[in-house]
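Inspection log for the structure reproduced underneath, given as C-alpha cells.
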Amino acid sequence: MPQLPLPPGSTLGILGGGQLGRMLSQAASRLGFDVVILDPQPDCPAARVSRAQITAPYNDPDALQALGRLCDVVTFEFENVPASSVETLAEAGALVAPGPTALAVAQDRVDEKTYLNAVGAVTADFAAVATLDDLTKAIDKLGLPAVLKTRREGYDGKGQVWIRDAADAEAAFDAIGRRPAVLEAAAVFNRELSVIAARGHDGVVAVYPLGENIHANGVLKTTLAPAAVDPATQARAVEIASAVLDGLDYVGVMGIELFDMGGGVLLVNEVAPRVHNTGHWTQDGCVCDQFEQHIRAIVGWPLGPTDAHARIEMTNLLGDEVDQWRALAAQSNARLHLYGKHDARAGRKMAHVNRIL
C-alpha cells in the first residue's frame, strides 16, 4: 500500500472511460497526477485526456494486474463495474477507493435499501421479488401504484416499470425479463433532491448544498443548486450522507438521491458510489468541484470547501441537442462541458451546460 497523502506525480487508475472518468481525469491532471484508464472501448472519452488506456474487459485478470502495477490508487466511474474486479485489485494489494463493499451494496437494490434503513437513511417501503408469486404478495403488502425494478443494473429509467393495476403484474414482470427485482411503494413527494458528499481516508466528511432535480422520460434533465431548502432539510441531508458514508467506511464522492416529503423529512431513493450527474453544477458553482473532491479524497489530501459561490442551473444535453454548442458557447452566463463522444444517439448524454443564475 502506498503512503498517504500521495504526492503530485503519482498515478491514478480509473475503471471506466466515459464522461465521468473523463472529468475525473481532467481534475486529477490539474492536481499533477497521471491517469491510466481501463475500459473495453478503444479510444474512449476518458482515455483521450489521460496518459494511457488499457483496453480490456473489466474482469480481465491480466488487465487488472497491469492496472494495479501501474497505479498508486484505483477508483471507478460507474457502479456496474464488477465488484469482483475491485476485490481482485484489493486482494492483490492495490489501494482501491471506494472499496468493494460499497460497490457491492450499491449494485443490488435490495441490499442497498436494507443497508440504508439499517443506518437510519429511510427509504420507501419495499419487498424483494424473485417470482410472479412474490410479486403478487408484494403488491398485496405494499399496495398500488408501485414501481418494479430489477435488483441489479438498470439506470436512467431502464430496468423498471410502474404497476398501477394488479392485473398488470405479470406483464410488468415480463417487461423486466422476469429477473430478480424489488417492488417499491410509491412515494408521494414534493420534489426530488440530491446531495453530493465526500469522505476521506481520515473519516472527515464534506457535504455540498442540496440540488433540486427535474427528470424527463426517466433521465435527469436539469439540476438547480443550491436548492431552496430550509435549514432543517439541509441538516437532515447532512445526517443521512454522514451515516451512509461512515457505515461503509467509504472513501471518495457519493451521490445520494432523495425524496423531499416536506417538513424536513427525506426518503432516500438510491445512492451512487461515485461522482454523480446531479453534482455537475459544482464545476461552476464551487471552488472545489465534485471531481476534484473525489481525487482529493482517494489520494489522502484534505477535502476542499463545499460552499457555493454561485447558483447554477445544470442542463444535460442528450443526443443531437449537443448540436446547439455554437449557440450555447455564445451565452455569456453559460459554461459548456462536452464529453468527446462521437456518436450522438438519441437519449445519450453528450454534454451538459452550467448556467450561472
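Convention: chains lettered A, B, ... in C-alpha cells order; per-chain residue numbering from 1; ligands numbered from 1 as shown.
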Spatial neighbours of A:Pro5, max dist 10 Å, only C-alpha atoms, sep filter under 6 positions, as a PyMOL selection string: chain A and resi 201+296-302
Could you find all residues in stretch 30-225 of chain A that DSSP calls alpha helix (DSSP H) from the backbone, and write them as a PyMOL selection string? chain A and resi 30+61-70+83-91+100-107+109-118+132-142+169-175
Members of stretch 148-330 of chain A assigned strand (DSSP E or B) by DSSP, as a ChimeraX atom specification: /A:148-150,160-163,181-185,191-199,205-207,211-216,219-225,252-262,265-272,286,308,312-318
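Minimum atom-to-atom distances from A:Thr282, A:Thr75, A:Asn277, A:Ser332 to A:Leu317 were compared using only C-alpha atoms, and the lowest value belongs to A:Asn277.
Considering only C-alpha atoms, the residue among A:Thr11, A:Asn333, A:Asn316, A:Gln283 positioned nearest to A:Ala52 is A:Thr11.
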Just to confirm, what's the straight-line distance from atom CA of A:Cys288 to atom CA of A:Leu70 in Å (one decimal)?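 Going from atom CA of A:Cys288 over to atom CA of A:Leu70, I get 27.3 Å.
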Please identify all polymer residues within 6 Å of A:His294, counting only C-alpha atoms, omitting same-chain residues fewer than 3 positions from it, and present them as a CSV table (one decimal) with all heavy atoms, in the first residue's frame.
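File produced: selection_11.csv:
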```
chain,number,residue,atom,x,y,z
A,252,GLY,N,-14.2,8.7,-0.9
A,252,GLY,CA,-14.5,9.3,-2.2
A,252,GLY,C,-15.8,10.0,-2.2
A,252,GLY,O,-16.3,10.3,-1.1
A,253,VAL,N,-16.3,10.4,-3.4
A,253,VAL,CA,-17.5,11.1,-3.5
A,253,VAL,C,-18.7,10.2,-3.8
A,253,VAL,O,-18.5,9.2,-4.5
A,253,VAL,CB,-17.4,12.2,-4.7
A,253,VAL,CG1,-18.8,12.7,-5.1
A,253,VAL,CG2,-16.6,13.3,-4.2
A,291,PHE,N,-15.4,16.5,-8.8
A,291,PHE,CA,-14.4,15.7,-9.4
A,291,PHE,C,-13.1,15.9,-8.7
A,291,PHE,O,-12.4,14.9,-8.4
A,291,PHE,CB,-14.3,16.0,-10.9
A,291,PHE,CG,-15.6,15.8,-11.7
A,291,PHE,CD1,-16.5,16.8,-12.0
A,291,PHE,CD2,-15.9,14.5,-12.0
A,291,PHE,CE1,-17.7,16.5,-12.6
A,291,PHE,CE2,-17.1,14.2,-12.7
A,291,PHE,CZ,-18.0,15.2,-13.0
A,297,ALA,N,-10.0,13.1,-2.1
A,297,ALA,CA,-10.4,12.0,-1.1
A,297,ALA,C,-9.5,10.8,-1.3
A,297,ALA,O,-9.0,10.2,-0.3
A,297,ALA,CB,-11.9,11.7,-1.1
```
Would you mind telling me which residue in A:Asp34, A:Asp307, A:Asp60, A:Asp284 lies nearest to A:His337 when using only C-alpha atoms?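 For A:His337, the nearest of the given residues is A:Asp284.
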Hey, which bits of stretch 216-326 of chain A sit within 8 Å of stretch 113-129 of chain A, and for each residue what's the closest pair of atoms and how far apart in Å (one decimal), counting only C-alpha atoms, rows by chain and increasing number, as CSV?
```
residue,atom,partner,partner_atom,distance
A:Ile240,CA,A:Ala121,CA,5.5
A:Ala243,CA,A:Val119,CA,6.1
A:Val244,CA,A:Val119,CA,6.7
A:Gly247,CA,A:Val119,CA,7.0
A:Leu266,CA,A:Val122,CA,7.7
A:Leu267,CA,A:Thr123,CA,4.9
A:Val268,CA,A:Thr123,CA,4.9
A:Asn269,CA,A:Thr123,CA,6.3
A:Glu270,CA,A:Lys113,CA,7.8
```
Atoms kept (all heavy atoms) for selection, written as an mmCIF file, in the first residue's frame:
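Final file, part.cif:
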```cif
data_model
loop_
_atom_site.group_PDB
_atom_site.id
_atom_site.type_symbol
_atom_site.label_atom_id
_atom_site.label_comp_id
_atom_site.auth_asym_id
_atom_site.auth_seq_id
_atom_site.Cartn_x
_atom_site.Cartn_y
_atom_site.Cartn_z
ATOM 1 N N ILE A 240 -27.945 12.181 6.841
ATOM 2 C CA ILE A 240 -28.084 10.987 6.007
ATOM 3 C C ILE A 240 -26.758 10.653 5.328
ATOM 4 O O ILE A 240 -26.288 9.511 5.361
ATOM 5 C CB ILE A 240 -29.194 11.185 4.962
ATOM 6 C CG1 ILE A 240 -30.568 11.195 5.649
ATOM 7 C CG2 ILE A 240 -29.139 10.115 3.875
ATOM 8 C CD1 ILE A 240 -31.705 11.614 4.739
ATOM 9 N N ALA A 243 -24.143 9.312 7.785
ATOM 10 C CA ALA A 243 -24.439 7.946 8.240
ATOM 11 C C ALA A 243 -24.134 6.920 7.159
ATOM 12 O O ALA A 243 -23.549 5.861 7.429
ATOM 13 C CB ALA A 243 -25.908 7.844 8.661
ATOM 14 N N VAL A 244 -24.506 7.225 5.919
ATOM 15 C CA VAL A 244 -24.281 6.288 4.815
ATOM 16 C C VAL A 244 -22.787 6.103 4.563
ATOM 17 O O VAL A 244 -22.295 4.972 4.430
ATOM 18 C CB VAL A 244 -24.991 6.775 3.535
ATOM 19 C CG1 VAL A 244 -24.617 5.899 2.345
ATOM 20 C CG2 VAL A 244 -26.505 6.769 3.731
ATOM 21 N N GLY A 247 -20.945 4.361 7.613
ATOM 22 C CA GLY A 247 -21.288 2.951 7.756
ATOM 23 C C GLY A 247 -20.553 2.051 6.782
ATOM 24 O O GLY A 247 -20.314 0.873 7.063
ATOM 25 N N LEU A 266 -36.909 13.437 4.657
ATOM 26 C CA LEU A 266 -36.296 12.998 3.407
ATOM 27 C C LEU A 266 -36.258 11.472 3.366
ATOM 28 O O LEU A 266 -35.855 10.831 4.328
ATOM 29 C CB LEU A 266 -34.869 13.534 3.284
ATOM 30 C CG LEU A 266 -34.695 15.055 3.240
ATOM 31 C CD1 LEU A 266 -33.216 15.413 3.285
ATOM 32 C CD2 LEU A 266 -35.344 15.640 1.984
ATOM 33 N N LEU A 267 -36.694 10.904 2.246
ATOM 34 C CA LEU A 267 -36.516 9.482 1.993
ATOM 35 C C LEU A 267 -35.389 9.320 0.978
ATOM 36 O O LEU A 267 -35.260 10.123 0.051
ATOM 37 C CB LEU A 267 -37.786 8.852 1.430
ATOM 38 C CG LEU A 267 -39.037 8.848 2.312
ATOM 39 C CD1 LEU A 267 -40.172 8.116 1.606
ATOM 40 C CD2 LEU A 267 -38.759 8.213 3.665
ATOM 41 N N VAL A 268 -34.600 8.278 1.137
ATOM 42 C CA VAL A 268 -33.532 8.016 0.177
ATOM 43 C C VAL A 268 -34.094 7.191 -0.969
ATOM 44 O O VAL A 268 -34.704 6.134 -0.749
ATOM 45 C CB VAL A 268 -32.352 7.276 0.834
ATOM 46 C CG1 VAL A 268 -31.258 7.007 -0.200
ATOM 47 C CG2 VAL A 268 -31.796 8.091 1.996
ATOM 48 N N ASN A 269 -33.881 7.663 -2.189
ATOM 49 C CA ASN A 269 -34.274 6.892 -3.370
ATOM 50 C C ASN A 269 -33.188 5.873 -3.699
ATOM 51 O O ASN A 269 -33.442 4.675 -3.718
ATOM 52 C CB ASN A 269 -34.509 7.839 -4.541
ATOM 53 C CG ASN A 269 -34.901 7.103 -5.812
ATOM 54 O OD1 ASN A 269 -35.483 6.026 -5.750
ATOM 55 N ND2 ASN A 269 -34.561 7.666 -6.963
ATOM 56 N N GLU A 270 -31.977 6.346 -3.932
ATOM 57 C CA GLU A 270 -30.864 5.448 -4.190
ATOM 58 C C GLU A 270 -29.557 6.188 -4.008
ATOM 59 O O GLU A 270 -29.528 7.419 -3.914
ATOM 60 C CB GLU A 270 -30.943 4.850 -5.601
ATOM 61 C CG GLU A 270 -30.867 5.870 -6.728
ATOM 62 C CD GLU A 270 -31.025 5.209 -8.101
ATOM 63 O OE1 GLU A 270 -31.618 4.121 -8.162
ATOM 64 O OE2 GLU A 270 -30.552 5.799 -9.091
#
```
Excluding A:Val35 and residues on its chain fewer than 2 positions from it, collect all residues at most 9 Å away from it, counting only C-alpha atoms, and give them as a list of chain:residue names.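 The contact residues come out as A:Ser10, A:Thr11, A:Leu12, A:Gly13, A:Ile14, A:Ser25, A:Ala28, A:Ser29, A:Phe33, A:Ile37, A:Ala47, A:Val49, A:Ser50, A:Arg51, A:Ala52, A:Gln53, A:Cys71.
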Between A:Asp62, A:Gly262, A:His280, A:Ile196, single out the one closest to A:Ala241, counting only C-alpha atoms.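 Smallest separation from A:Ala241 among the options: A:Ile196.
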Polymer residues at most 8 Å from stretch 167-171 of chain A, only C-alpha atoms, same-chain spacing of 6 or more positions, as a list in words: Leu132, Leu135 and Thr136 of chain A
With distances taken over only C-alpha atoms, which of A:Ser242, A:Gly68, A:Pro2, A:Trp162 is nearest to A:Ala186? A:Trp162
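Going from atom CA of A:Ala83 over to atom CA of A:Pro273, you cover 11.9 Å.
Comparing A:Leu24, A:Ala90, A:Ala63, A:Val195 by their smallest distance to A:Met1, the closest is A:Ala90 (using only C-alpha atoms).
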